[in-house]
2 protein chains.
Amino acid sequence: MALIVQKYGGSSVANAQRVANVAKRIIETYQQGNQVVVILSAQGDTTDDLIEKAGEISKNPSKREMDMLLSSGEQISVALMAMAIAEQGFQAISLTGQQVGIHTDNVHSHARIEEVAADRVRKELDFGKIVIVAGFQGMNDNGDITTLGRGGSDTTAVALAAALEADLCEIYTDVDGVYTADPRIVANARKLKDVSFDEMLELASLGARVLHNRSVELAKKYNVNLVVRSSLNQNEGTLVKEVTDLEKMMIKGVAYDKDIARISVMAVRDIPGVAHKIFSLLADADINVDIILQSIGRGDTKDISFTISRSQLTDTVDLINRNLEYIGAKEVSFTHDVAKISIVGAGMANHPGVAATMFKALAEADINIHMISTSEIKISCLVHSDEVEKAVEAIHESFELGTK
Amino acid sequence: MALIVQKYGGSSVANAQRVANVAKRIIETYQQGNQVVVILSAQGDTTDDLIEKAGEISKNPSKREMDMLLSSGEQISVALMAMAIAEQGFQAISLTGQQVGIHTDNVHSHARIEEVAADRVRKELDFGKIVIVAGFQGMNDNGDITTLGRGGSDTTAVALAAALEADLCEIYTDVDGVYTADPRIVANARKLKDVSFDEMLELASLGARVLHNRSVELAKKYNVNLVVRSSLNQNEGTLVKEVTDLEKMMIKGVAYDKDIARISVMAVRDIPGVAHKIFSLLADADINVDIILQSIGRGDTKDISFTISRSQLTDTVDLINRNLEYIGAKEVSFTHDVAKISIVGAGMANHPGVAATMFKALAEADINIHMISTSEIKISCLVHSDEVEKAVEAIHESFELGTK
């Protein structure tokens with residue numbers, strides 16, 4: 001008898017009909033002789049509606065109270081799912097994060113899981129019940145409700161799978177799995193049979209928004225067998241697992257991210273401590289930086305460029321401008337007309353031809369590269385945002401990803 | 001420094017504006033130098049909306065899951081209220097029934113409070129915070145969420161007032177307090193300054209739906225100072241307290257209840273055990289009986305009449321008809337064109353003129369009495385439902401309740 005953890009997102013449980021469909025799917029897994037633990041997000045727009053309610057009352061509500069408010073959304077969906085399963089003749093029980101024993105730190109709205117005391121879940125499984133757990137939420141040492149922030153339900157699923165030593169953790173989404181490129185752009189994009197944790201981490205952070213990074217990190221740490229698959233069909237998904245053969249080079253996919261803006265701080269003095277000043281300022285203002293590039297010094301100055309989320313562009317430019325003197329820079333330039341294209345694959349570092357192939361594909365498609373950044377398992381290029389689709393197609397073709 | 005418990009109903013917190021108004025009122029009490037604990041119901045139609053959601057999924061959802069579902073409603077209103085108070089510059093914290101430590105029995109949807117461990121509330125009060133508690137909910141020994149059923153938030157308020165040894169428990173409603181009669185019927189109905197627990201119990205069960213009986217019983221048991229007042233104005237409400245002078249007769253008010261149907265089981269044999277058969281049948285079918293009257297035997301038969309809630313009339317008649325032989329009765333007669341008029345007042349039993357005055361008032365108004373039932377502190381008459389208003393006015397006038 002295997003123990004399977006399944007996670008379904010908010011759109012999969014948006015209304016009574018969808019809840020009933022997912023219930024059927026859960027029951028199928030149970031009838032195949034498995035113990036089943038299900039993690040759910042809040043229904044459809046519930047979370048947004050609750051945020052709106054709070055917004056009518058306070059411009060800056062306490063994070064503790066927001067957690068109290070928002071966690072009610074998952075509580076609703078788990079209760080409804082337990083009813084739907086019972087309606088189809090099977091025993092189910094819903095549990096809140098608190099009831100499961102998902103202990104977190106005290107950082108409301110972005111809590112991290114510290115411990116999962118899954119005794120209650122085990123007990124209910126032993127009774128033969130299907131256990132439905134509210135995702136996204138936990139409890140701190142005061143017994144206060146916390147929420148886990150973006151991707152929280154994925155994280156709940158993986159953490160619970162780790163605590164229960166589950167045989168499999170299935171993340172159900174509206175796509176079939178992880179693809180070599182966005183199928184909406186590249187017609188012959190191919191679904192990957194498997195991908196390593198590290199590759200998945202790069203893909204996720206590069207905009208292939210299938211799995212949230214926190215859950216992948218957790219799965220890697222506890223070696224949880226993770227599968228991404230669609231709740232709309234029975235297709236096999238993509239298995240995310242420990243890497244098997246680091247030496248064997250394989251480009252896993254082409255990812256892109258349009259939610260990007262580039263900022264360059266021009267002509268800073270070429271002395272120690274300048275980068276520290278800039279990025280401390282950004283960190284204090286809670287601005288997440290993605291790629292950082294520093295030019296080689298020209299004379300006694302150099303340029304420092306970085307990318308951030310597009311929504312933070314104005315704030316960031318203001319911040320830098322107010323501190324030009326402190327940083328010791330002349331001026332700041334910026335653009336939001338950029339996008340990031342990346343190829344991801346373990347073993348890339350040992351195959352020098354990879355970068356060249358990517359750059360050649362972009363050159364032949366007449367696409368200018370604004371910035372380049374590399375890691376052990378990925379190469380990212382900044383290009384003009386109008387050229388994203390063309391770039392993804394060209395690179396996907398050049399590595400013959402559709403036919404492998 | 002006094003400790004005051006306040007309870008506000010669902011319509012008082014139905015939208016952002018009303019939440020802000022109630023927040024202001026709570027803060028006023030706090031600024032007068034009191035510690036304040038507030039119990040809230042779910043906003044406006046939230047509970048009905050959740051019941052509808054469940055109804056779309058299951059015709060007969062598990063009560064445990066209904067409790068899980070419905071308790072989210074109060075969780076939402078307490079979080080919003082804590083935000084609203086913070087927005088006006090004061091410190092507040094919201095707590096669920098579970099976090100407060102409201103321990104109940106295991107009867108989902110109609111749980112009874114067994115113990116209130118109010119340490120967390122006391123701690124937060126000591127920090128100077130206004131404490132906002134989700135009404136209507138508790139937790140059983142399994143850590144599962146339970147709800148208290150009808151009037152649950154009133155019950156939460158009184159139980160918490162008892163546990164905290166609060167100086168006062170204020171129940172805010174949309175009326176000014178307890179009246180000598182329904183002000184919509186009797187123009188000179190007078191608001192009572194005070195009323196005893198027992199009188200309030202009779203008034204509540206007789207249809208003066210201001211306070212739920214469970215909360216009054218609890219208040220009586222723990223001698224909680226209870227005040228019923230309006231959240232819409234600053235008028236003094238009605239104090240519900242221990243009776244002070246039982247000998248002094250005083251009619252407190254005229255109550256009526258239109259949600260009534262009368263059933264008579266005719267010509268049952270005048271032998272022991274017949275009433276037991278009838279009312280066991282009803283109890284097993286979960287039908288609540290109010291007044292029961294048995295005629296004096298005529299020859300070897302007698303009639304047994306009783307009143308029930310109007311919505312249960314069809315089911316009850318069916319039930320009796322199916323069991324006529326078992327009961328040993330000839331036939332069943334029934335009507336829903338009746339209403340119950342009652343006068344309530346401690347010490348009534350020692351003042352023989354009271355019943356006569358009531359009957360005289362009805363006679364002079366040409367109103368026929370169908371049934372009469374009396375207790376230590378009340379006299380109830382069944383009259384035709386079209387004559388309710390006339391009856392209430394006549395009785396109110398005959399006891400000069402408007403001018404006392």
# chains A, B, ... in the order shown; residues from 1 in each chain; ligands from 1
>>> residues_around(residues="Asp45 in chain B", least_positions_apart="6", cutoff="9 Å", atoms="only C-alpha atoms", output="count of residues only")
3
>>> closest_atom_pairs(of="chain A", to="chain B", cutoff="10 Å", atoms="only C-alpha atoms", output="Markdown table")
| residue | atom | partner | partner_atom | distance |
| --- | --- | --- | --- | --- |
| A:Asn15 | CA | B:Lys53 | CA | 8.6 |
| A:Ala16 | CA | B:Ile57 | CA | 5.8 |
| A:Gln17 | CA | B:Ile57 | CA | 8.0 |
| A:Val19 | CA | B:Ile57 | CA | 8.1 |
| A:Ala20 | CA | B:Ile57 | CA | 7.4 |
| A:Leu50 | CA | B:Ile76 | CA | 8.3 |
| A:Lys53 | CA | B:Ala16 | CA | 7.4 |
| A:Ala54 | CA | B:Leu80 | CA | 6.3 |
| A:Gly55 | CA | B:Ala16 | CA | 9.3 |
| A:Glu56 | CA | B:Ala16 | CA | 6.1 |
| A:Ile57 | CA | B:Ala16 | CA | 5.8 |
| A:Ser58 | CA | B:Glu87 | CA | 5.9 |
| A:Lys59 | CA | B:Glu87 | CA | 8.3 |
| A:Asn60 | CA | B:Glu87 | CA | 8.2 |
| A:Pro61 | CA | B:Met83 | CA | 5.6 |
| A:Ser62 | CA | B:Met83 | CA | 6.6 |
| A:Lys63 | CA | B:Met83 | CA | 9.6 |
| A:Arg64 | CA | B:Ile93 | CA | 8.6 |
| A:Glu65 | CA | B:Ala79 | CA | 5.1 |
| A:Met66 | CA | B:Ala79 | CA | 7.0 |
| A:Asp67 | CA | B:Ala79 | CA | 8.5 |
| A:Met68 | CA | B:Ala79 | CA | 5.9 |
| A:Leu69 | CA | B:Ile76 | CA | 5.1 |
| A:Leu70 | CA | B:Ile76 | CA | 8.0 |
| A:Ser71 | CA | B:Ser72 | CA | 8.6 |
| A:Ser72 | CA | B:Ser72 | CA | 5.1 |
| A:Gly73 | CA | B:Ser72 | CA | 7.8 |
| A:Glu74 | CA | B:Ser72 | CA | 9.4 |
| A:Gln75 | CA | B:Leu69 | CA | 6.6 |
| A:Ile76 | CA | B:Leu69 | CA | 5.1 |
| A:Ser77 | CA | B:Leu69 | CA | 8.1 |
| A:Val78 | CA | B:Leu69 | CA | 8.2 |
| A:Ala79 | CA | B:Glu65 | CA | 5.1 |
| A:Leu80 | CA | B:Ala54 | CA | 6.3 |
| A:Met81 | CA | B:Ile57 | CA | 8.6 |
| A:Ala82 | CA | B:Glu65 | CA | 6.9 |
| A:Met83 | CA | B:Pro61 | CA | 5.6 |
| A:Ala84 | CA | B:Ile57 | CA | 5.8 |
| A:Ile85 | CA | B:Ile57 | CA | 9.5 |
| A:Ala86 | CA | B:Pro61 | CA | 7.9 |
| A:Glu87 | CA | B:Ser58 | CA | 5.9 |
| A:Gln88 | CA | B:Ser58 | CA | 9.3 |
| A:Ala92 | CA | B:Glu65 | CA | 9.5 |
| A:Ile93 | CA | B:Glu65 | CA | 7.6 |
| A:Ser94 | CA | B:Glu65 | CA | 7.1 |
| A:Leu95 | CA | B:Asp144 | CA | 8.2 |
| A:Thr96 | CA | B:Met68 | CA | 8.8 |
| A:Gln98 | CA | B:Gly143 | CA | 9.2 |
| A:Gln99 | CA | B:Gly143 | CA | 6.7 |
| A:Val100 | CA | B:Gly143 | CA | 9.9 |
| A:Arg120 | CA | B:Asn142 | CA | 9.2 |
| A:Asn142 | CA | B:Gln99 | CA | 9.1 |
| A:Gly143 | CA | B:Gln99 | CA | 6.7 |
| A:Asp144 | CA | B:Gln99 | CA | 7.5 |
| A:Ile145 | CA | B:Gln99 | CA | 9.4 |
>>> residues_around(residues="range 333-350 of chain B", least_positions_apart="6", cutoff="7 Å", atoms="only C-alpha atoms", output="PyMOL selection string")
chain B and resi 199+202-203+246-258+260-265+310+376-385+388+392
>>> write_last_selection(atoms="N, CA and C atoms", output="compact mmCIF listing (two decimals), in the first residue's frame")
# COMPACT_ATOMS: atom_id res chain seq x y z
N GLU B 199 -37.79 35.33 33.96
CA GLU B 199 -38.72 36.05 33.09
C GLU B 199 -38.17 36.13 31.67
N GLU B 202 -38.66 32.90 29.86
CA GLU B 202 -40.01 32.72 29.35
C GLU B 202 -40.25 33.64 28.16
N LEU B 203 -39.80 34.87 28.25
CA LEU B 203 -40.02 35.81 27.15
C LEU B 203 -39.32 35.33 25.89
N LEU B 246 -39.42 38.19 44.78
CA LEU B 246 -40.35 37.26 44.14
C LEU B 246 -41.81 37.54 44.51
N GLU B 247 -42.02 38.10 45.70
CA GLU B 247 -43.39 38.30 46.17
C GLU B 247 -44.10 39.41 45.43
N LYS B 248 -43.33 40.38 45.04
CA LYS B 248 -43.93 41.52 44.38
C LYS B 248 -44.32 41.13 42.96
N MET B 249 -45.60 41.10 42.71
CA MET B 249 -46.05 40.69 41.39
C MET B 249 -45.84 41.80 40.39
N MET B 250 -45.40 41.41 39.25
CA MET B 250 -45.23 42.41 38.22
C MET B 250 -45.27 41.70 36.87
N ILE B 251 -46.22 42.07 36.05
CA ILE B 251 -46.24 41.52 34.69
C ILE B 251 -45.16 42.25 33.90
N LYS B 252 -44.23 41.50 33.38
CA LYS B 252 -43.12 42.13 32.68
C LYS B 252 -43.45 42.42 31.23
N GLY B 253 -44.26 41.58 30.65
CA GLY B 253 -44.52 41.85 29.25
C GLY B 253 -45.48 40.86 28.63
N VAL B 254 -45.90 41.22 27.41
CA VAL B 254 -46.78 40.37 26.63
C VAL B 254 -45.99 39.89 25.42
N ALA B 255 -45.87 38.57 25.30
CA ALA B 255 -45.12 38.03 24.18
C ALA B 255 -46.05 37.25 23.27
N TYR B 256 -45.62 37.08 22.02
CA TYR B 256 -46.43 36.25 21.14
C TYR B 256 -45.53 35.44 20.24
N ASP B 257 -46.09 34.37 19.72
CA ASP B 257 -45.33 33.51 18.81
C ASP B 257 -46.29 33.00 17.74
N LYS B 258 -45.99 33.38 16.50
CA LYS B 258 -46.86 32.97 15.39
C LYS B 258 -46.40 31.67 14.75
N ILE B 260 -46.42 28.61 15.08
CA ILE B 260 -47.05 27.59 15.91
C ILE B 260 -48.11 26.84 15.12
N ALA B 261 -48.20 25.57 15.37
CA ALA B 261 -49.33 24.79 14.84
C ALA B 261 -49.83 23.91 15.98
N ARG B 262 -51.16 23.63 15.98
CA ARG B 262 -51.73 22.79 17.02
C ARG B 262 -52.16 21.47 16.43
N ILE B 263 -51.83 20.42 17.12
CA ILE B 263 -52.25 19.08 16.71
C ILE B 263 -53.03 18.45 17.86
N SER B 264 -54.15 17.82 17.55
CA SER B 264 -54.89 17.09 18.58
C SER B 264 -55.03 15.64 18.16
N VAL B 265 -54.67 14.75 19.05
CA VAL B 265 -54.89 13.33 18.81
C VAL B 265 -56.17 12.98 19.56
N ARG B 310 -44.46 25.50 13.17
CA ARG B 310 -45.32 25.36 12.01
C ARG B 310 -44.67 24.55 10.89
N GLU B 376 -45.30 28.88 36.68
CA GLU B 376 -45.07 29.78 37.81
C GLU B 376 -45.06 31.24 37.39
N ILE B 377 -44.47 31.52 36.25
CA ILE B 377 -44.27 32.92 35.88
C ILE B 377 -44.86 33.31 34.52
N LYS B 378 -45.73 32.47 33.98
CA LYS B 378 -46.34 32.87 32.71
C LYS B 378 -47.73 32.24 32.54
N ILE B 379 -48.52 32.89 31.73
CA ILE B 379 -49.79 32.31 31.29
C ILE B 379 -49.83 32.44 29.77
N SER B 380 -50.06 31.32 29.08
CA SER B 380 -50.14 31.35 27.62
C SER B 380 -51.53 30.95 27.15
N CYS B 381 -52.02 31.65 26.13
CA CYS B 381 -53.27 31.29 25.50
C CYS B 381 -53.05 31.11 24.01
N LEU B 382 -53.67 30.09 23.44
CA LEU B 382 -53.68 29.95 21.99
C LEU B 382 -54.91 30.67 21.45
N VAL B 383 -54.68 31.53 20.47
CA VAL B 383 -55.79 32.25 19.84
C VAL B 383 -55.67 32.09 18.33
N HIS B 384 -56.69 32.54 17.59
CA HIS B 384 -56.59 32.48 16.13
C HIS B 384 -55.48 33.43 15.67
N SER B 385 -54.72 33.01 14.66
CA SER B 385 -53.55 33.79 14.29
C SER B 385 -53.90 35.18 13.76
N VAL B 388 -53.83 37.97 16.70
CA VAL B 388 -52.65 38.17 17.55
C VAL B 388 -52.48 39.62 17.97
N VAL B 392 -52.61 41.11 21.74
CA VAL B 392 -51.45 41.71 22.42
C VAL B 392 -51.82 43.10 22.93
>>> select_by_dssp(residues="range 57-279 of chain A", states="strand (DSSP E or B)", output="number ranges by chain")
A: 92-95, 102-104, 113-116, 130-134, 137-139, 145-147, 168-173, 179, 191, 194-196, 226-230, 238-241, 253-257, 261-269
>>> write_last_selection(atoms="C-alpha atoms", output="short mmCIF file (atom, residue, chain, number, x, y, z; two decimals), in the first residue's frame")
data_model
loop_
_atom_site.label_atom_id
_atom_site.label_comp_id
_atom_site.auth_asym_id
_atom_site.auth_seq_id
_atom_site.Cartn_x
_atom_site.Cartn_y
_atom_site.Cartn_z
CA ALA A 92 -12.87 11.70 4.26
CA ILE A 93 -11.86 14.19 6.93
CA SER A 94 -10.71 17.77 6.54
CA LEU A 95 -7.97 19.27 8.69
CA ILE A 102 2.19 22.38 10.74
CA HIS A 103 4.44 24.42 13.00
CA THR A 104 5.98 27.52 11.47
CA ILE A 113 7.61 25.52 8.15
CA GLU A 114 9.72 24.38 11.10
CA GLU A 115 8.15 21.06 11.91
CA VAL A 116 5.27 18.89 10.77
CA ILE A 130 -8.90 10.15 2.87
CA VAL A 131 -7.33 13.15 4.59
CA ILE A 132 -7.92 16.64 3.18
CA VAL A 133 -5.50 19.28 4.44
CA ALA A 134 -5.76 23.05 4.14
CA GLN A 137 -1.29 27.69 6.46
CA GLY A 138 0.37 26.73 9.71
CA MET A 139 0.59 27.74 13.32
CA ILE A 145 -2.43 31.09 12.39
CA THR A 146 0.36 31.84 9.92
CA THR A 147 0.40 31.63 6.13
CA LEU A 168 4.83 10.13 -4.11
CA CYS A 169 3.82 13.79 -4.05
CA GLU A 170 1.66 14.78 -7.02
CA ILE A 171 1.21 18.47 -7.80
CA TYR A 172 -1.85 18.94 -10.01
CA THR A 173 -1.93 22.02 -12.22
CA TYR A 179 7.90 21.28 -21.08
CA LYS A 191 6.88 17.34 -22.21
CA ASP A 194 11.81 13.80 -15.77
CA VAL A 195 13.88 16.71 -14.59
CA SER A 196 16.31 17.07 -11.68
CA LEU A 226 7.58 14.91 -6.92
CA VAL A 227 5.34 14.68 -9.98
CA VAL A 228 3.78 17.61 -11.85
CA ARG A 229 0.69 16.63 -13.81
CA SER A 230 -2.64 17.93 -15.05
CA THR A 238 6.89 15.11 -15.22
CA LEU A 239 8.87 13.48 -12.43
CA VAL A 240 11.14 15.80 -10.46
CA LYS A 241 13.91 13.83 -8.80
CA GLY A 253 14.22 23.32 -21.66
CA VAL A 254 13.96 26.93 -22.68
CA ALA A 255 12.32 29.24 -20.16
CA TYR A 256 11.44 32.91 -20.34
CA ASP A 257 10.37 35.59 -17.94
CA ALA A 261 13.13 45.34 -15.76
CA ARG A 262 16.78 46.24 -16.10
CA ILE A 263 18.49 49.02 -14.17
CA SER A 264 22.03 50.21 -14.73
CA VAL A 265 23.91 52.40 -12.28
CA MET A 266 26.38 54.20 -14.53
CA ALA A 267 29.92 55.36 -13.88
CA VAL A 268 30.33 54.37 -10.28
CA ARG A 269 33.86 54.65 -8.93
#
>>> atom_distance(atom1="CA of Gln31 in chain A", atom2="CA of Glu165 in chain A")
20.5 Å
